[in-house]
file upload_14.tsv (TSV, C-alpha atoms)
chain	number	residue	atom	x	y	z
A	1	MET	CA	-8.89	-16.54	33.44
A	2	GLY	CA	-6.72	-13.52	32.74
A	3	THR	CA	-3.52	-15.54	33.17
A	4	SER	CA	-4.67	-18.39	30.92
A	5	LEU	CA	-5.79	-15.92	28.25
A	6	SER	CA	-2.44	-14.11	28.33
A	7	ASP	CA	-0.66	-17.46	28.03
A	8	ALA	CA	-2.75	-18.43	25.02
A	9	PHE	CA	-2.43	-15.03	23.35
A	10	PRO	CA	0.68	-13.17	24.60
A	11	VAL	CA	-0.30	-10.09	22.61
A	12	VAL	CA	0.55	-7.41	25.19
A	13	GLN	CA	3.99	-8.82	25.91
A	14	ALA	CA	4.74	-9.19	22.19
A	15	PHE	CA	3.58	-5.64	21.48
A	16	ASP	CA	5.79	-4.31	24.26
A	17	GLU	CA	8.84	-6.23	23.06
A	18	GLU	CA	8.43	-5.94	19.29
A	19	VAL	CA	6.97	-2.43	18.97
A	20	ILE	CA	7.44	-0.32	22.10
A	21	ARG	CA	10.90	-1.40	23.33
A	22	ALA	CA	12.35	-2.15	19.92
A	23	GLY	CA	11.64	1.37	18.68
A	24	TYR	CA	11.65	2.21	15.01
A	25	ARG	CA	13.10	-0.43	12.72
A	26	PRO	CA	14.16	0.36	9.15
A	27	ALA	CA	10.88	-0.99	7.72
A	28	GLN	CA	8.87	1.20	10.08
A	29	MET	CA	10.95	4.21	9.08
A	30	VAL	CA	10.22	3.43	5.43
A	31	LEU	CA	6.50	3.35	6.22
A	32	VAL	CA	6.54	6.70	8.04
A	33	ALA	CA	8.60	8.41	5.31
A	34	PHE	CA	6.36	6.91	2.61
A	35	LEU	CA	3.09	8.09	4.14
A	36	VAL	CA	4.34	11.58	5.10
A	37	THR	CA	5.86	12.16	1.66
A	38	PHE	CA	2.75	11.00	-0.19
A	39	GLY	CA	0.57	13.29	1.92
A	40	CYS	CA	2.86	16.27	1.30
A	41	VAL	CA	3.07	15.59	-2.44
A	42	ARG	CA	-0.69	15.31	-2.84
A	43	TRP	CA	-1.20	18.52	-0.85
A	44	TYR	CA	1.34	20.36	-2.99
A	45	THR	CA	-0.01	19.15	-6.33
A	46	HIS	CA	-3.54	20.19	-5.39
A	47	ALA	CA	-2.21	23.59	-4.25
A	48	VAL	CA	-0.37	24.08	-7.57
A	49	ARG	CA	-3.51	23.17	-9.47
A	50	ARG	CA	-5.35	25.92	-7.62
A	51	GLY	CA	-2.60	28.38	-8.52
A	52	VAL	CA	-0.95	28.40	-5.10
A	53	GLY	CA	2.81	27.96	-4.63
A	54	PRO	CA	5.84	28.21	-6.92
A	55	GLY	CA	4.43	25.78	-9.49
A	56	ASN	CA	5.91	22.75	-11.22
A	57	LEU	CA	9.60	21.95	-11.15
A	58	SER	CA	11.40	22.70	-14.40
A	59	VAL	CA	15.03	22.92	-15.48
A	60	GLY	CA	15.88	24.91	-18.59
A	61	GLY	CA	12.26	24.82	-19.71
A	62	GLN	CA	12.08	21.04	-19.25
A	63	ARG	CA	9.28	19.88	-16.98
A	64	ILE	CA	10.58	17.52	-14.27
A	65	HIS	CA	8.01	15.13	-12.86
A	66	HIS	CA	8.47	14.37	-9.18
A	67	MET	CA	8.98	10.69	-9.91
A	68	VAL	CA	12.39	11.61	-11.38
A	69	PRO	CA	14.04	12.54	-8.04
A	70	GLY	CA	12.16	9.57	-6.56
A	71	ILE	CA	13.88	7.21	-8.98
A	72	PHE	CA	17.30	8.60	-8.06
A	73	LEU	CA	16.51	8.25	-4.35
A	74	LEU	CA	15.50	4.62	-4.81
A	75	LEU	CA	18.60	3.86	-6.89
A	76	GLY	CA	20.89	5.63	-4.43
A	77	ALA	CA	19.42	4.01	-1.33
A	78	GLY	CA	19.45	0.56	-2.93
A	79	PHE	CA	23.02	0.84	-4.22
A	80	VAL	CA	24.44	2.12	-0.94
A	81	SER	CA	22.64	-0.64	1.00
A	82	ILE	CA	24.18	-3.27	-1.27
A	83	ALA	CA	27.63	-1.70	-1.60
A	84	ILE	CA	28.39	-1.35	2.13
A	85	GLU	CA	30.02	-4.60	3.18
A	86	THR	CA	31.03	-3.63	6.71
A	87	GLU	CA	28.80	-2.49	9.53
A	88	MET	CA	26.64	0.42	8.43
A	89	PRO	CA	27.46	3.86	9.94
A	90	TRP	CA	24.87	5.05	12.43
A	91	PHE	CA	23.56	7.90	10.26
A	92	LEU	CA	22.91	5.57	7.32
A	93	TRP	CA	20.82	3.33	9.58
A	94	TRP	CA	18.05	5.92	9.50
A	95	LEU	CA	18.98	7.88	6.35
A	96	LEU	CA	18.68	4.99	3.88
A	97	PRO	CA	15.20	3.83	5.00
A	98	MET	CA	13.96	7.41	4.97
A	99	ALA	CA	15.40	8.00	1.48
A	100	PHE	CA	13.85	4.79	0.23
A	101	GLY	CA	10.42	5.67	1.68
A	102	VAL	CA	10.51	9.18	0.20
A	103	GLY	CA	11.63	7.88	-3.19
A	104	ALA	CA	8.99	5.15	-3.24
A	105	ALA	CA	6.23	7.68	-2.50
A	106	LEU	CA	7.42	10.06	-5.25
A	107	VAL	CA	7.57	7.25	-7.81
A	108	LEU	CA	4.30	5.52	-6.93
A	109	ASP	CA	2.41	8.83	-6.81
A	110	GLU	CA	2.97	8.86	-10.58
A	111	PHE	CA	2.42	5.15	-11.07
A	112	ALA	CA	-0.27	5.84	-13.67
A	113	LEU	CA	2.15	7.98	-15.69
A	114	TRP	CA	4.78	5.29	-16.08
A	115	LEU	CA	2.07	2.69	-16.65
A	116	GLU	CA	0.28	4.65	-19.38
A	117	LEU	CA	3.40	6.51	-20.66
A	118	ARG	CA	1.45	9.77	-20.65
A	119	ASP	CA	0.45	12.37	-18.09
A	120	VAL	CA	-2.87	11.15	-16.67
A	121	TYR	CA	-2.43	12.53	-13.14
A	122	TRP	CA	-5.81	14.27	-13.00
A	123	THR	CA	-7.78	11.83	-15.14
A	124	GLU	CA	-9.70	8.67	-14.25
A	125	GLU	CA	-6.65	6.60	-15.18
A	126	GLY	CA	-4.67	8.64	-12.66
A	127	ARG	CA	-6.57	6.99	-9.84
A	128	ARG	CA	-4.37	3.95	-10.37
A	129	SER	CA	-1.63	5.87	-8.60
A	130	ILE	CA	-3.81	6.09	-5.49
A	131	ASP	CA	-4.49	2.35	-5.73
A	132	ALA	CA	-0.76	1.63	-6.04
A	133	VAL	CA	0.07	3.78	-3.01
A	134	ILE	CA	-2.61	2.11	-0.86
A	135	ILE	CA	-1.38	-1.35	-1.86
A	136	ALA	CA	2.26	-0.42	-1.22
A	137	ALA	CA	1.45	1.16	2.15
A	138	ALA	CA	-0.49	-1.93	3.24
A	139	LEU	CA	2.34	-4.27	2.21
A	140	ILE	CA	4.97	-2.13	3.93
A	141	GLY	CA	2.73	-1.98	7.00
A	142	ILE	CA	2.45	-5.78	7.07
A	143	VAL	CA	6.24	-6.09	7.08
A	144	ALA	CA	6.93	-3.13	9.37
A	145	LEU	CA	4.31	-3.78	12.04
A	146	GLY	CA	2.71	-7.16	11.47
A	147	ALA	CA	5.46	-9.68	10.80
A	148	PRO	CA	7.69	-9.23	13.89
A	149	PHE	CA	4.72	-8.68	16.19
A	150	TRP	CA	2.67	-11.70	15.12
A	151	GLY	CA	5.78	-13.85	14.91
A	152	GLU	CA	6.45	-13.18	18.59
A	153	VAL	CA	2.80	-13.79	19.47
A	154	ILE	CA	2.69	-17.16	17.69
A	155	SER	CA	6.02	-18.34	19.10
A	156	GLY	CA	5.00	-17.39	22.64
A	157	ALA	CA	1.46	-18.77	22.54
A	158	ASN	CA	0.39	-22.16	23.81
A	159	PRO	CA	-0.70	-24.74	21.18
A	160	THR	CA	-4.37	-23.74	21.27
A	161	GLY	CA	-3.65	-20.05	20.97
A	162	GLY	CA	-1.08	-20.61	18.24
A	163	PHE	CA	-3.57	-22.72	16.26
A	164	LEU	CA	-6.25	-20.02	16.51
A	165	ILE	CA	-3.83	-17.27	15.48
A	166	VAL	CA	-2.61	-19.26	12.48
A	167	GLY	CA	-6.25	-20.00	11.57
A	168	TYR	CA	-7.08	-16.29	11.79
A	169	HIS	CA	-4.29	-15.44	9.38
A	170	ALA	CA	-5.19	-18.34	7.10
A	171	VAL	CA	-8.70	-16.90	6.73
A	172	SER	CA	-7.19	-13.47	6.02
A	173	VAL	CA	-4.85	-14.84	3.35
A	174	ILE	CA	-7.52	-16.95	1.63
A	175	ALA	CA	-10.06	-14.11	1.59
A	176	ALA	CA	-7.42	-11.67	0.35
A	177	LEU	CA	-6.35	-13.99	-2.47
A	178	VAL	CA	-9.99	-14.40	-3.57
A	179	CYS	CA	-10.33	-10.60	-3.62
A	180	LEU	CA	-7.22	-10.29	-5.78
A	181	ALA	CA	-8.55	-12.94	-8.16
A	182	LYS	CA	-11.80	-10.94	-8.34
A	183	GLY	CA	-9.90	-7.81	-9.37
A	184	LYS	CA	-10.31	-6.01	-6.03
A	185	TRP	CA	-6.72	-4.98	-5.41
A	186	ILE	CA	-7.21	-2.53	-2.54
A	187	THR	CA	-9.70	-4.76	-0.72
A	188	GLY	CA	-7.39	-7.72	-1.20
A	189	VAL	CA	-4.30	-6.07	0.21
A	190	VAL	CA	-6.17	-4.54	3.16
A	191	GLY	CA	-7.75	-7.95	3.71
A	192	PHE	CA	-4.32	-9.39	4.53
A	193	LEU	CA	-4.42	-7.20	7.65
A	194	LEU	CA	-8.16	-7.18	8.39
A	195	TRP	CA	-9.97	-10.39	7.53
A	196	PRO	CA	-13.52	-8.91	7.71
A	197	VAL	CA	-12.59	-6.53	4.87
A	198	GLY	CA	-11.21	-9.38	2.80
A	199	LEU	CA	-14.18	-11.62	3.59
A	200	ALA	CA	-16.65	-8.93	2.51
A	201	GLY	CA	-14.81	-8.44	-0.75
A	202	ALA	CA	-14.54	-12.17	-1.35
A	203	ILE	CA	-18.30	-12.69	-0.96
A	204	ARG	CA	-19.39	-9.85	-3.24
A	205	LEU	CA	-19.40	-9.89	-7.04
A	206	ALA	CA	-16.11	-9.85	-8.91
A	207	ARG	CA	-15.12	-7.22	-11.42
A	208	PRO	CA	-16.26	-8.40	-14.87
A	209	THR	CA	-12.72	-8.14	-16.28
A	210	SER	CA	-11.15	-10.21	-13.47
A	211	PRO	CA	-9.85	-13.78	-13.93
A	212	TRP	CA	-12.44	-15.01	-11.41
A	213	ALA	CA	-15.36	-13.62	-13.42
A	214	ARG	CA	-14.01	-14.74	-16.81
A	215	ARG	CA	-13.46	-18.32	-15.64
A	216	LEU	CA	-16.34	-18.92	-13.22
A	217	TYR	CA	-19.25	-16.61	-14.10
A	218	GLY	CA	-22.06	-17.62	-16.40
A	219	PRO	CA	-23.92	-15.13	-18.62
A	220	ASP	CA	-26.42	-14.07	-15.93
A	221	LYS	CA	-23.84	-13.47	-13.22
A	222	MET	CA	-21.51	-11.69	-15.65
A	223	THR	CA	-24.35	-9.34	-16.59
A	224	ARG	CA	-24.97	-8.58	-12.90
A	225	ALA	CA	-21.28	-7.88	-12.40
A	226	ARG	CA	-21.13	-5.52	-15.39
A	227	ASP	CA	-24.23	-3.66	-14.20
A	228	ARG	CA	-22.89	-3.31	-10.67
A	229	TYR	CA	-19.48	-1.96	-11.61
A	230	LEU	CA	-20.94	0.25	-14.31
A	231	GLU	CA	-23.06	1.91	-11.60
A	232	LEU	CA	-20.00	2.33	-9.39
A	233	ASP	CA	-17.70	3.70	-12.07
A	234	GLU	CA	-20.02	6.04	-13.98
A	235	PRO	CA	-20.56	8.62	-11.17
A	236	GLU	CA	-16.83	8.80	-10.54
A	237	ALA	CA	-16.10	9.39	-14.22
A	238	SER	CA	-18.75	12.11	-14.50
A	239	GLU	CA	-17.47	13.89	-11.41
A	240	ALA	CA	-13.81	13.74	-12.42
A	241	PRO	CA	-12.21	17.21	-12.55
A	242	PRO	CA	-11.11	18.57	-15.94
A	243	VAL	CA	-7.58	17.74	-17.03
A	244	ALA	CA	-5.13	20.51	-16.32
A	245	SER	CA	-1.64	20.99	-17.73
A	246	THR	CA	-0.18	21.88	-14.37
A	247	ARG	CA	-0.20	20.24	-10.98

call {"tool": "encode", "arguments": {"input": "upload_14.tsv", "output": "structure tokens"}}
result
Amino acid sequence: MGTSLSDAFPVVQAFDEEVIRAGYRPAQMVLVAFLVTFGCVRWYTHAVRRGVGPGNLSVGGQRIHHMVPGIFLLLGAGFVSIAIETEMPWFLWWLLPMAFGVGAALVLDEFALWLELRDVYWTEEGRRSIDAVIIAAALIGIVALGAPFWGEVISGANPTGGFLIVGYHAVSVIAALVCLAKGKWITGVVGFLLWPVGLAGAIRLARPTSPWARRLYGPDKMTRARDRYLELDEPEASEAPPVASTR
């Protein structure tokens, strides 16, 4: 039983080969740098808001948002990766992914700012930055941990196991796409990794402003959707902290 199951689903062997023995790949290094940087930035901005620490970065009286060095890191890492035609030096193998991950976290932490073209970091609109970071982290995680691992599992499985694995991921993708069409971005992206999350989001009511609701909902169902999301959004708006000029 154990042998037949391992033949159908060679998960342990694939995990050992694609994750343990392979060590950190560039995509995994990007993921680690991205998550660590975002955590540090959020901790620092909350500390500055409480009056702890050296305060905001400024040069000659000009306030410098932390997405600015993030943009330069992304540009530098991308240009160097493209410009090097020969084999990459050993130190760039880890330096470029780390620089890209740090830069991506700095830029996406202020996603709402460059979307709204105004400083909305501590407002309700500023929550879009958190959404963007969660979506980006999930997508990077899919590439860094999911793609090589599941590719090895599928290629090493017998026909029955391979069919079930592909079916599992098909359900995940379909449920996630329904969530995205219903305006549930975080649930949709997480659903690519965990199908129960995507399935739960796909079954529940869509956001009233989503393409799914506008095209498929009648008046009664649209009213239910508006009432539901009004109840969810109102407490968050009333509990939002006052806007501060510093972070």

call {"tool": "closest_residue", "arguments": {"input": "upload_14.tsv", "among": "A:Ile134, A:Ile71, A:Thr160, A:Trp43", "to": "Gly188 of chain A", "atoms": "all atoms listed in the file"}}
result
A:Ile134

call {"tool": "residues_around", "arguments": {"input": "upload_14.tsv", "residues": "Ala181 of chain A", "least_positions_apart": "5", "cutoff": "9 Å", "atoms": "all atoms listed in the file", "output": "ChimeraX atom specification"}}
result
/A:176,188,206,210-213

call {"tool": "closest_residue", "arguments": {"input": "upload_14.tsv", "among": "A:Gly198, A:Gly141, A:Gly167, A:Gly51", "to": "Lys182 of chain A", "atoms": "only C-alpha atoms"}}
result
A:Gly198

call {"tool": "closest_residue", "arguments": {"input": "upload_14.tsv", "among": "A:Leu106, A:Ile203, A:Val52, A:Val171", "to": "Lys184 of chain A", "atoms": "only C-alpha atoms"}}
result
A:Ile203

call {"tool": "residues_near_point", "arguments": {"input": "upload_14.tsv", "point": "(-22.2, -11.3, -15.7)", "cutoff": "12 Å", "atoms": "only C-alpha atoms", "output": "PDB file with C-alpha atoms, in the frame of the given file"}}
result
ATOM      1  CA  LEU A 205     -19.400  -9.890  -7.040  1.00  0.00           C
ATOM      2  CA  ALA A 206     -16.110  -9.850  -8.910  1.00  0.00           C
ATOM      3  CA  ARG A 207     -15.120  -7.220 -11.420  1.00  0.00           C
ATOM      4  CA  PRO A 208     -16.260  -8.400 -14.870  1.00  0.00           C
ATOM      5  CA  THR A 209     -12.720  -8.140 -16.280  1.00  0.00           C
ATOM      6  CA  SER A 210     -11.150 -10.210 -13.470  1.00  0.00           C
ATOM      7  CA  TRP A 212     -12.440 -15.010 -11.410  1.00  0.00           C
ATOM      8  CA  ALA A 213     -15.360 -13.620 -13.420  1.00  0.00           C
ATOM      9  CA  ARG A 214     -14.010 -14.740 -16.810  1.00  0.00           C
ATOM     10  CA  ARG A 215     -13.460 -18.320 -15.640  1.00  0.00           C
ATOM     11  CA  LEU A 216     -16.340 -18.920 -13.220  1.00  0.00           C
ATOM     12  CA  TYR A 217     -19.250 -16.610 -14.100  1.00  0.00           C
ATOM     13  CA  GLY A 218     -22.060 -17.620 -16.400  1.00  0.00           C
ATOM     14  CA  PRO A 219     -23.920 -15.130 -18.620  1.00  0.00           C
ATOM     15  CA  ASP A 220     -26.420 -14.070 -15.930  1.00  0.00           C
ATOM     16  CA  LYS A 221     -23.840 -13.470 -13.220  1.00  0.00           C
ATOM     17  CA  MET A 222     -21.510 -11.690 -15.650  1.00  0.00           C
ATOM     18  CA  THR A 223     -24.350  -9.340 -16.590  1.00  0.00           C
ATOM     19  CA  ARG A 224     -24.970  -8.580 -12.900  1.00  0.00           C
ATOM     20  CA  ALA A 225     -21.280  -7.880 -12.400  1.00  0.00           C
ATOM     21  CA  ARG A 226     -21.130  -5.520 -15.390  1.00  0.00           C
ATOM     22  CA  ASP A 227     -24.230  -3.660 -14.200  1.00  0.00           C
ATOM     23  CA  ARG A 228     -22.890  -3.310 -10.670  1.00  0.00           C
ATOM     24  CA  TYR A 229     -19.480  -1.960 -11.610  1.00  0.00           C
ATOM     25  CA  LEU A 230     -20.940   0.250 -14.310  1.00  0.00           C
TER      26      LEU A 230
END

call {"tool": "residues_around", "arguments": {"input": "upload_14.tsv", "residues": "Phe38 of chain A", "least_positions_apart": "2", "cutoff": "12 Å", "atoms": "all atoms listed in the file", "output": "NGL selection string"}}
result
:A and (31-36 or 40-45 or 66-67 or 70 or 101-110 or 129-130 or 132-134 or 136-137)

call {"tool": "write_last_selection", "arguments": {"input": "upload_14.tsv", "atoms": "C-alpha atoms", "output": "PDB file, in the frame of the given file"}}
result
ATOM      1  CA  LEU A  31       6.500   3.350   6.220  1.00  0.00           C
ATOM      2  CA  VAL A  32       6.540   6.700   8.040  1.00  0.00           C
ATOM      3  CA  ALA A  33       8.600   8.410   5.310  1.00  0.00           C
ATOM      4  CA  PHE A  34       6.360   6.910   2.610  1.00  0.00           C
ATOM      5  CA  LEU A  35       3.090   8.090   4.140  1.00  0.00           C
ATOM      6  CA  VAL A  36       4.340  11.580   5.100  1.00  0.00           C
ATOM      7  CA  CYS A  40       2.860  16.270   1.300  1.00  0.00           C
ATOM      8  CA  VAL A  41       3.070  15.590  -2.440  1.00  0.00           C
ATOM      9  CA  ARG A  42      -0.690  15.310  -2.840  1.00  0.00           C
ATOM     10  CA  TRP A  43      -1.200  18.520  -0.850  1.00  0.00           C
ATOM     11  CA  TYR A  44       1.340  20.360  -2.990  1.00  0.00           C
ATOM     12  CA  THR A  45      -0.010  19.150  -6.330  1.00  0.00           C
ATOM     13  CA  HIS A  66       8.470  14.370  -9.180  1.00  0.00           C
ATOM     14  CA  MET A  67       8.980  10.690  -9.910  1.00  0.00           C
ATOM     15  CA  GLY A  70      12.160   9.570  -6.560  1.00  0.00           C
ATOM     16  CA  GLY A 101      10.420   5.670   1.680  1.00  0.00           C
ATOM     17  CA  VAL A 102      10.510   9.180   0.200  1.00  0.00           C
ATOM     18  CA  GLY A 103      11.630   7.880  -3.190  1.00  0.00           C
ATOM     19  CA  ALA A 104       8.990   5.150  -3.240  1.00  0.00           C
ATOM     20  CA  ALA A 105       6.230   7.680  -2.500  1.00  0.00           C
ATOM     21  CA  LEU A 106       7.420  10.060  -5.250  1.00  0.00           C
ATOM     22  CA  VAL A 107       7.570   7.250  -7.810  1.00  0.00           C
ATOM     23  CA  LEU A 108       4.300   5.520  -6.930  1.00  0.00           C
ATOM     24  CA  ASP A 109       2.410   8.830  -6.810  1.00  0.00           C
ATOM     25  CA  GLU A 110       2.970   8.860 -10.580  1.00  0.00           C
ATOM     26  CA  SER A 129      -1.630   5.870  -8.600  1.00  0.00           C
ATOM     27  CA  ILE A 130      -3.810   6.090  -5.490  1.00  0.00           C
ATOM     28  CA  ALA A 132      -0.760   1.630  -6.040  1.00  0.00           C
ATOM     29  CA  VAL A 133       0.070   3.780  -3.010  1.00  0.00           C
ATOM     30  CA  ILE A 134      -2.610   2.110  -0.860  1.00  0.00           C
ATOM     31  CA  ALA A 136       2.260  -0.420  -1.220  1.00  0.00           C
ATOM     32  CA  ALA A 137       1.450   1.160   2.150  1.00  0.00           C
TER      33      ALA A 137
END

call {"tool": "closest_residue", "arguments": {"input": "upload_14.tsv", "among": "A:Leu57, A:Trp90, A:Asp131, A:Ile165", "to": "Ile186 of chain A", "atoms": "only C-alpha atoms"}}
result
A:Asp131

call {"tool": "closest_residue", "arguments": {"input": "upload_14.tsv", "among": "A:Leu96, A:Met29, A:Val178, A:Val59", "to": "Ile82 of chain A", "atoms": "only C-alpha atoms"}}
result
A:Leu96

call {"tool": "atom_distance", "arguments": {"input": "upload_14.tsv", "atom1": "atom CA of Met98 of chain A", "atom2": "atom CA of Pro69 of chain A"}}
result
14.0 Å

call {"tool": "atom_distance", "arguments": {"input": "upload_14.tsv", "atom1": "atom CA of Ile135 of chain A", "atom2": "atom CA of Phe111 of chain A"}}
result
11.9 Å
